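Data block for run-v5.cif (mmCIF, C-alpha atoms):
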data_upload
loop_
_atom_site.label_atom_id
_atom_site.label_comp_id
_atom_site.auth_asym_id
_atom_site.auth_seq_id
_atom_site.Cartn_x
_atom_site.Cartn_y
_atom_site.Cartn_z
CA MET A 30 18.70 5.25 -18.15
CA MET A 31 16.71 8.45 -18.60
CA GLU A 32 13.05 8.01 -19.43
CA GLY A 33 11.98 9.96 -22.51
CA SER A 34 9.47 12.79 -22.38
CA CYS A 35 5.88 11.69 -22.93
CA CYS A 36 4.54 14.96 -24.32
CA PRO A 37 5.82 17.74 -26.61
CA HIS A 38 7.87 20.45 -24.92
CA ASN A 39 5.51 23.16 -26.18
CA ARG A 40 2.62 22.11 -23.94
CA ARG A 41 2.03 21.21 -20.34
CA PRO A 42 1.45 17.54 -19.51
CA TYR A 43 -2.09 16.42 -18.80
CA ILE A 44 -2.90 14.06 -15.92
CA SER A 45 -5.67 11.49 -15.77
CA ILE A 46 -6.49 10.93 -12.10
CA ILE A 47 -8.06 7.51 -11.57
CA ILE A 48 -9.89 6.82 -8.31
CA PRO A 49 -11.16 3.25 -7.89
CA LEU A 50 -13.81 2.95 -5.24
CA TYR A 51 -15.88 0.37 -3.45
CA ASN A 52 -18.26 1.56 -0.70
CA ALA A 53 -16.15 4.66 -0.05
CA GLU A 54 -18.81 7.12 1.12
CA GLU A 55 -16.98 7.96 4.36
CA THR A 56 -13.80 9.24 2.69
CA LEU A 57 -14.57 10.01 -0.97
CA GLU A 58 -15.66 13.63 -0.45
CA LYS A 59 -12.42 14.46 1.41
CA CYS A 60 -10.44 12.77 -1.36
CA LEU A 61 -12.15 14.64 -4.20
CA ASN A 62 -12.15 18.00 -2.43
CA ALA A 63 -8.37 17.76 -2.06
CA VAL A 64 -7.91 16.83 -5.74
CA PHE A 65 -9.92 19.78 -7.02
CA GLU A 66 -8.11 22.21 -4.69
CA SER A 67 -4.77 21.40 -6.37
CA THR A 68 -2.62 24.24 -7.68
CA PHE A 69 -1.91 22.21 -10.85
CA GLN A 70 -5.18 22.14 -12.79
CA ASP A 71 -4.47 20.33 -16.09
CA PHE A 72 -6.20 17.10 -15.21
CA GLU A 73 -9.31 14.97 -15.55
CA VAL A 74 -10.77 12.77 -12.83
CA LEU A 75 -12.11 9.30 -13.61
CA VAL A 76 -13.97 7.66 -10.74
CA VAL A 77 -14.31 3.92 -11.33
CA ASP A 78 -17.09 2.40 -9.24
CA ASP A 79 -16.31 -1.24 -8.50
CA GLY A 80 -19.87 -2.31 -7.61
CA SER A 81 -20.47 -0.02 -4.62
CA GLU A 82 -23.63 -0.50 -2.58
CA ASP A 83 -23.52 2.77 -0.61
CA ASN A 84 -23.76 6.48 -1.55
CA SER A 85 -20.32 6.69 -3.20
CA ILE A 86 -21.72 7.39 -6.68
CA ARG A 87 -23.96 10.18 -5.41
CA ILE A 88 -20.94 11.86 -3.82
CA ALA A 89 -18.86 11.48 -7.00
CA GLU A 90 -21.69 12.99 -9.06
CA SER A 91 -21.43 16.22 -7.06
CA PHE A 92 -17.93 16.78 -8.53
CA PRO A 93 -16.89 17.30 -12.19
CA CYS A 94 -15.77 13.70 -12.60
CA LYS A 95 -16.17 11.16 -15.34
CA ILE A 96 -17.84 8.17 -13.67
CA LEU A 97 -17.24 4.66 -14.94
CA ARG A 98 -19.22 1.76 -13.49
CA LEU A 99 -18.29 -1.90 -13.36
CA ALA A 100 -21.19 -4.35 -13.37
CA HIS A 101 -20.01 -6.03 -10.17
CA ASN A 102 -17.13 -5.96 -7.73
CA GLN A 103 -13.98 -7.16 -9.54
CA GLY A 104 -11.15 -5.71 -7.46
CA PRO A 105 -8.93 -2.63 -7.72
CA ALA A 106 -6.66 -4.04 -10.46
CA VAL A 107 -9.60 -4.29 -12.88
CA ALA A 108 -10.97 -0.90 -11.81
CA ARG A 109 -7.64 0.90 -12.29
CA ASN A 110 -7.05 -0.74 -15.67
CA TRP A 111 -10.52 0.25 -16.86
CA GLY A 112 -9.84 3.82 -15.82
CA ALA A 113 -6.50 3.88 -17.68
CA LYS A 114 -8.12 2.54 -20.88
CA ASN A 115 -10.58 5.44 -20.80
CA ALA A 116 -8.01 8.08 -19.83
CA LYS A 117 -6.76 10.88 -22.06
CA GLY A 118 -3.75 12.03 -20.07
CA ASP A 119 -0.03 11.72 -20.64
CA PHE A 120 0.16 10.28 -17.12
CA VAL A 121 -2.25 8.11 -15.16
CA LEU A 122 -2.28 8.97 -11.46
CA PHE A 123 -3.95 6.39 -9.21
CA ILE A 124 -5.33 7.72 -5.94
CA ASP A 125 -7.18 5.51 -3.47
CA SER A 126 -10.53 6.84 -2.26
CA ASP A 127 -9.27 7.09 1.36
CA ILE A 128 -6.26 9.27 0.44
CA VAL A 129 -6.14 13.06 0.83
CA ILE A 130 -3.45 14.77 -1.26
CA LYS A 131 -1.95 18.23 -0.71
CA VAL A 132 -2.32 21.25 -3.01
CA GLU A 133 1.22 20.78 -4.38
CA THR A 134 0.97 17.00 -4.94
CA LEU A 135 0.07 17.02 -8.65
CA GLY A 136 2.83 19.48 -9.50
CA LEU A 137 5.40 17.32 -7.70
CA PHE A 138 4.26 14.29 -9.70
CA VAL A 139 4.56 16.16 -13.01
CA GLU A 140 8.09 17.31 -12.18
CA SER A 141 9.21 13.84 -11.08
CA LEU A 142 7.74 12.12 -14.14
CA LYS A 143 10.04 14.09 -16.45
CA ASN A 144 12.84 11.64 -15.68
CA HIS A 145 11.04 8.54 -14.39
CA ALA A 146 8.45 6.14 -15.79
CA ALA A 147 6.62 5.78 -12.47
CA VAL A 148 6.51 7.79 -9.25
CA PHE A 149 4.81 7.28 -5.91
CA GLY A 150 4.58 9.20 -2.65
CA ILE A 151 4.56 8.41 1.03
CA TYR A 152 1.93 8.31 3.78
CA THR A 153 2.32 10.84 6.56
CA GLN A 154 3.23 9.03 9.77
CA LYS A 155 -0.03 10.04 11.44
CA PRO A 156 -3.23 8.97 9.61
CA GLY A 157 -6.45 10.91 9.38
CA THR A 158 -8.14 8.34 11.65
CA GLY A 159 -7.16 8.00 15.30
CA ASN A 160 -8.21 4.52 16.47
CA LEU A 161 -5.43 2.09 17.48
CA LEU A 162 -5.94 -0.30 14.55
CA SER A 163 -5.63 2.54 12.03
CA LEU A 164 -2.61 4.01 13.84
CA TYR A 165 -0.94 0.60 13.74
CA GLN A 166 -1.56 -0.13 10.07
CA ASN A 167 -0.64 3.37 8.93
CA PHE A 168 2.55 3.52 11.03
CA PHE A 169 3.98 0.31 9.61
CA ALA A 170 2.93 1.21 6.07
CA HIS A 171 4.67 4.60 6.49
CA LYS A 172 7.75 2.93 7.98
CA SER A 173 7.93 0.36 5.20
CA ILE A 174 7.78 3.07 2.53
CA LYS A 175 10.20 5.38 4.37
CA GLU A 176 12.83 2.60 4.42
CA THR A 177 12.43 1.98 0.67
CA LYS A 178 15.17 3.25 -1.65
CA GLU A 179 14.34 6.33 -3.74
CA LEU A 180 15.12 4.43 -6.97
CA THR A 181 13.32 1.15 -6.40
CA SER A 182 11.46 -1.78 -7.89
CA MET A 183 8.63 -1.24 -5.40
CA LEU A 184 5.41 0.54 -6.38
CA TYR A 185 2.53 1.36 -4.05
CA SER A 186 -0.63 2.45 -5.83
CA TYR A 187 -2.47 4.35 -3.07
CA CYS A 188 -0.97 7.46 -4.72
CA ALA A 189 1.18 6.56 -7.72
CA ALA A 190 1.61 7.86 -11.26
CA VAL A 191 2.83 6.06 -14.37
CA LYS A 192 3.41 7.37 -17.88
CA ARG A 193 0.28 6.17 -19.66
CA GLU A 194 2.07 4.75 -22.70
CA VAL A 195 4.35 2.72 -20.39
CA PHE A 196 1.41 1.53 -18.28
CA LEU A 197 -0.51 0.30 -21.33
CA GLU A 198 2.62 -1.23 -22.87
CA MET A 199 3.12 -3.26 -19.66
CA GLY A 200 -0.51 -4.44 -19.71
CA GLY A 201 -1.43 -2.55 -16.54
CA PHE A 202 -2.17 -4.35 -13.30
CA ASP A 203 -2.44 -8.14 -13.34
CA GLU A 204 -6.20 -8.66 -13.05
CA SER A 205 -5.82 -12.11 -11.48
CA TRP A 206 -5.07 -10.22 -8.25
CA ARG A 207 -8.62 -9.70 -7.03
CA ARG A 208 -7.71 -8.40 -3.56
CA PRO A 209 -6.05 -5.02 -2.81
CA THR A 210 -2.79 -6.49 -1.52
CA PHE A 211 0.36 -6.59 -3.68
CA GLU A 212 -0.97 -6.18 -7.21
CA ASP A 213 0.87 -2.84 -7.27
CA VAL A 214 4.20 -4.31 -6.11
CA GLN A 215 3.86 -7.00 -8.79
CA LEU A 216 3.45 -4.25 -11.41
CA GLY A 217 6.48 -2.44 -9.98
CA LEU A 218 8.62 -5.54 -10.32
CA ARG A 219 7.53 -5.94 -13.94
CA LEU A 220 8.35 -2.29 -14.68
CA ALA A 221 11.81 -2.64 -13.15
CA GLU A 222 12.49 -5.92 -14.96
CA ASN A 223 11.75 -4.10 -18.23
CA GLY A 224 14.20 -1.30 -17.51
CA HIS A 225 11.79 1.40 -16.31
CA ARG A 226 12.76 3.66 -13.43
CA ILE A 227 10.48 3.89 -10.40
CA TYR A 228 11.02 6.86 -8.11
CA LEU A 229 9.84 7.23 -4.52
CA ASN A 230 9.46 10.98 -4.00
CA LYS A 231 9.39 11.41 -0.23
CA ASN A 232 8.36 15.05 -0.68
CA ILE A 233 4.99 13.80 -1.94
CA LYS A 234 3.21 13.29 1.37
CA VAL A 235 -0.43 12.22 1.50
CA VAL A 236 -2.77 11.57 4.40
CA HIS A 237 -4.36 8.15 4.70
CA HIS A 238 -7.86 7.89 6.23
CA PRO A 239 -8.20 4.18 6.98
CA LYS A 240 -11.21 2.83 8.85
CA PHE A 241 -10.48 -0.54 10.41
CA THR A 242 -12.83 -2.79 12.31
CA VAL A 243 -11.26 -5.80 14.04
CA LYS A 244 -12.56 -8.09 11.29
CA ARG A 245 -11.19 -5.92 8.47
CA PHE A 246 -7.86 -5.53 10.26
CA ILE A 247 -7.40 -9.30 10.65
CA LYS A 248 -8.41 -9.95 7.04
CA ASN A 249 -6.04 -7.21 5.84
CA TYR A 250 -2.95 -8.72 7.47
CA PHE A 251 -3.92 -12.31 6.69
CA TYR A 252 -4.47 -11.71 2.97
CA LYS A 253 -1.47 -9.39 2.62
CA SER A 254 0.75 -12.09 4.13
CA LEU A 255 -0.85 -14.80 1.99
CA ASP A 256 -0.49 -12.83 -1.24
CA LEU A 257 3.02 -11.62 -0.42
CA SER A 258 4.13 -15.23 0.10
CA LYS A 259 2.48 -16.09 -3.24
CA LEU A 260 4.43 -13.32 -4.97
CA MET A 261 7.75 -14.22 -3.37
CA LEU A 262 7.34 -17.93 -4.12
CA SER A 263 6.52 -17.15 -7.75
CA LYS A 264 9.74 -15.09 -7.92
CA ARG A 265 11.67 -17.74 -5.92
CA ARG A 266 12.89 -15.13 -3.45
CA LEU A 267 13.03 -14.83 0.33
CA THR A 268 12.97 -11.03 0.11
CA LEU A 269 12.05 -8.38 -2.43
CA ASN A 270 15.41 -6.58 -2.62
CA ASN A 271 15.36 -6.14 1.18
CA GLU A 272 12.71 -3.44 0.74
CA GLY A 273 9.10 -2.87 1.69
CA TRP A 274 7.40 -5.43 3.90
CA THR A 275 10.18 -7.97 3.29
CA ASN A 276 13.08 -5.98 4.73
CA SER A 277 15.34 -7.76 7.21
CA LYS A 278 14.04 -5.92 10.29
CA ASN A 279 10.50 -7.09 9.59
CA MET A 280 11.74 -10.65 9.15
CA VAL A 281 13.61 -10.57 12.50
CA SER A 282 10.54 -9.07 14.19
CA LEU A 283 8.32 -11.82 12.76
CA ILE A 284 10.62 -14.64 13.91
CA ALA A 285 11.08 -13.14 17.39
CA GLY A 286 7.36 -12.46 17.78
CA LEU A 287 6.43 -16.00 16.79
CA SER A 288 9.03 -17.45 19.17
CA ILE A 289 7.68 -15.71 22.27
CA PRO A 290 4.41 -17.70 22.77
CA ALA A 291 6.14 -21.04 22.10
CA LEU A 292 8.96 -20.23 24.51
CA ILE A 293 6.51 -19.06 27.19
CA ILE A 294 4.71 -22.41 26.96
CA GLY A 295 8.09 -24.17 27.22
CA SER A 296 9.00 -22.15 30.33
CA VAL A 297 5.97 -23.64 32.14
CA PHE A 298 7.69 -27.03 31.91
CA SER A 299 11.33 -26.01 32.21
CA ARG A 300 13.17 -22.98 33.60
CA TRP A 301 15.71 -23.32 30.77
CA PHE A 302 13.20 -21.58 28.50
CA ILE A 303 13.07 -18.42 30.64
CA ALA A 304 16.27 -16.88 29.24
CA PRO A 305 15.27 -17.52 25.58
CA VAL A 306 11.85 -15.95 26.31
CA LEU A 307 13.50 -12.80 27.63
CA LEU A 308 15.95 -12.69 24.70
CA ALA A 309 13.16 -13.06 22.13
CA LEU A 310 11.12 -10.37 23.90
CA VAL A 311 14.08 -7.94 23.97
CA ILE A 312 14.74 -8.51 20.25
CA PHE A 313 11.05 -8.04 19.40
CA LEU A 314 10.80 -4.83 21.44
CA ALA A 315 14.01 -3.49 19.89
CA MET A 316 12.76 -4.15 16.34
CA ASN A 317 9.52 -2.26 17.09
CA LEU A 318 10.75 0.43 19.48
CA ASP A 319 9.95 3.28 17.09
CA PHE A 320 6.32 2.08 16.94
CA TYR A 321 5.97 2.06 20.74
CA LYS A 322 7.44 5.59 20.89
CA PHE A 323 4.87 6.68 18.31
CA ILE A 324 1.98 5.16 20.28
CA ALA A 325 3.32 6.68 23.52
CA ARG A 326 2.99 10.10 21.86
CA GLN A 327 -0.40 9.50 20.24
CA LYS A 328 -2.22 7.17 22.68
CA PRO A 329 -0.10 6.64 25.82
CA LEU A 330 -2.85 4.69 27.60
CA ALA A 331 -2.93 2.19 24.72
CA LEU A 332 0.74 1.17 24.97
CA VAL A 333 0.07 -2.28 26.44
CA ASN A 334 -2.72 -2.86 23.92
CA ALA A 335 -0.30 -1.83 21.16
CA LEU A 336 2.25 -4.42 22.28
CA CYS A 337 -0.42 -7.15 22.35
CA LEU A 338 -1.68 -6.04 18.93
CA ASN A 339 1.85 -6.14 17.56
CA LEU A 340 2.32 -9.73 18.75
CA ALA A 341 -1.10 -10.71 17.39
CA VAL A 342 -0.18 -9.38 13.94
CA GLN A 343 2.85 -11.68 13.85
CA MET A 344 0.52 -14.65 14.45
CA ILE A 345 -1.93 -13.50 11.76
CA SER A 346 0.92 -12.90 9.32
CA ALA A 347 2.45 -16.31 10.03
CA PHE A 348 -0.90 -18.00 9.39
CA GLY A 349 -1.20 -16.12 6.09
CA ILE A 350 2.34 -17.11 5.05
CA MET A 351 1.74 -20.78 5.92
CA THR A 352 -1.55 -20.75 3.99
CA GLY A 353 0.21 -19.24 0.98
CA LEU A 354 2.96 -21.86 1.19
CA ALA A 355 0.40 -24.68 1.49
CA ASN A 356 -1.48 -23.39 -1.57
CA PHE A 357 1.79 -23.17 -3.52
CA LEU A 358 2.80 -26.74 -2.62
CA ARG A 359 -0.67 -28.08 -3.37
CA LYS A 360 -0.54 -26.61 -6.89
CA LYS A 361 2.97 -28.01 -7.42
CA LEU A 362 1.90 -31.48 -6.33
#
Please render this file's structure as structure tokens.
Amino acid sequence: MMEGSCCPHNRRPYISIIIPLYNAEETLEKCLNAVFESTFQDFEVLVVDDGSEDNSIRIAESFPCKILRLAHNQGPAVARNWGAKNAKGDFVLFIDSDIVIKVETLGLFVESLKNHAAVFGIYTQKPGTGNLLSLYQNFFAHKSIKETKELTSMLYSYCAAVKREVFLEMGGFDESWRRPTFEDVQLGLRLAENGHRIYLNKNIKVVHHPKFTVKRFIKNYFYKSLDLSKLMLSKRRLTLNNEGWTNSKNMVSLIAGLSIPALIIGSVFSRWFIAPVLLALVIFLAMNLDFYKFIARQKPLALVNALCLNLAVQMISAFGIMTGLANFLRKKL
């Protein structure tokens, strides 16, 4: 099904760029500089402040943006929806405040949106931040997106555009999702279920500038796992079309990673556990070999730390999944 044009053929489309932010002073200037350096210039920028307590607003005020303020922190779904309601464009383009686009990005979105209701791009493999936690998160996000089909039911809102009339018709993001986890994927599933085409344009490459402390990293993977399990249980699925974070390789990696500590404990009491430990370790390493190659190029001295971090993430994710399942069962009972 071809999506209809959203604007008359005798004029160029107009983009409303919506940037939700919460305490984004470290990355916002880079983000806005990149937007205003774009070769495509028919756009407006709406910065939606979600109750920031730092200098984010002062930075936004130094650019020709329309600034919208929420009374208190309500989450990115609310912020993006509020931006869309105040937008004038044919398209709404959501860009996270820690994303840096390229000069050609807006033009690529406009071209892609001629035939699709929604379009999103892909992280570059290497982020703009070089610590191990950021390298880890960005690599697996990039990998997950790279392995997604070009025509998909997935949607990732760090840099994603939707025809405004379609977005409003669908009711925007579900505002019950208060955390920045899978509120965008949930919208993508709704779009696909209603016959709208979502296109992953892998030529749209943007640089992510994450800043992870240990605490934020743990919370990120815990809540993503919890909310993903909530979404999958609500859809009664074990996978989301074998795409994104729920593809089969990630599932095998999770099971193998969780098996290793239990089997190691068993091997203390019986030598019969030694072979299963080695098998689980080989499977886990094989599923994540491309990550270890990436770390070997970027931070060779951190390779052992990367392996330990990878195993730790499986434990955090499992705890999040079990918490999500427990919450689901409690509500059912």
Output as a Markdown table one row per residue of segment 248-356 of chain A within 10 Å of segment 180-196 of chain A: the closest atom pair and its distance in Å to one decimal place, counting all atoms listed in the file, sorted by chain and residue number ascending.
| residue | atom | partner | partner_atom | distance |
| --- | --- | --- | --- | --- |
| A:Leu269 | CA | A:Met183 | CA | 8.5 |
| A:Asn270 | CA | A:Ser182 | CA | 8.1 |
| A:Glu272 | CA | A:Met183 | CA | 7.7 |
| A:Gly273 | CA | A:Met183 | CA | 7.3 |
Any chance you could work out the residue set of the PyMOL selection byres ((chain A and resi 80-90) around 8) here, as number ranges by chain?
A: 50-54, 57-58, 61, 76, 78-79, 91-94, 96, 98-103
For Arg266 of chain A, list every protein, DNA or RNA residue within 12 Å, evaluated using all atoms listed in the file, and leave out those in the same chain fewer than 6 positions away; present the list as a ChimeraX atom specification.
/A:257-260,275
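Minimum distance to Val281 of chain A across A:Ala304, A:Met316, A:Val236, A:Ala170 (counting all atoms listed in the file) occurs at A:Met316.
For the set A:Ala331, A:Ile227, A:Ile303, A:Ala309, the residue with the smallest atom-to-atom gap to Asn144 of chain A is A:Ile227, counting only C-alpha atoms.
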Need to verify the contact set: segment 117-122 of chain A, 12 Å, only C-alpha atoms, exclusion of same-chain residues closer than 5 positions in sequence. Can you return it as an MDAnalysis selection string?
chainID A and resid 34:37 40:49 64 71:76 95 109:112 130 134:143 145:150 185:197 201
Min atom-atom distance to Ala355 of chain A from the set A:Val214, A:Leu262, A:Cys60, A:Leu220, counting all atoms listed in the file, belongs to A:Leu262
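Between atom CA of Lys278 of chain A and atom CA of Val306 of chain A the separation is 19.0 Å.
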List the spatial neighbours of His171 of chain A as a PyMOL selection string - criterion: any atom at most 7 Å away, all atoms listed in the file, same-chain residues fewer than 2 positions off excluded.
chain A and resi 151-154+167-169+173-175
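Separating atom CA of Arg219 of chain A from atom CA of Phe348 of chain A is a distance of 27.6 Å.
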Please check which residues have atoms at most 6 Å from (-6.2, 2.9, 10.5) in the file's coordinates, counting all atoms listed in the file, and write them as a count of residues only.
9
As a ChimeraX atom specification, please: the residues near segment 341-343 of chain A (cut-off 7 Å, all atoms listed in the file, same-chain neighbours under 6 positions excluded).
/A:283,286-287
I'd like to see the residues matched by the PyMOL selection byres ((chain A and resi 204) around 6) on this file, and ideally I'd get them as a PyMOL selection string.
chain A and resi 106-107+202-203+205-206
Evaluate the PyMOL selection byres ((chain A and resi 254) around 10) against this structure - the residues, as a VMD selection string, please.
chain A and resid 210 to 211 248 to 253 255 to 260 274 343 345 to 353
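Considering only C-alpha atoms, the residue among A:Leu308, A:Leu362, A:Leu340, A:Val132 positioned nearest to Lys234 of chain A is A:Val132.
From atom CA of Asn160 of chain A back to atom CA of Val129 of chain A, the distance works out to 17.9 Å.
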Padding 6 Å on each side, edges along x, y and z: where is the centre of the box around the listed atoms of segment 55-60 of chain A, and how long are its edges in Å to one decimal? Output it as JSON.
{"center_x": -13.7, "center_y": 11.2, "center_z": 1.5, "size_x": 18.5, "size_y": 18.5, "size_z": 17.7}
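Distance check against Lys172 of chain A using only C-alpha atoms: of A:Lys155, A:Arg326, A:Arg300, A:Lys131, the minimum falls on A:Lys155.
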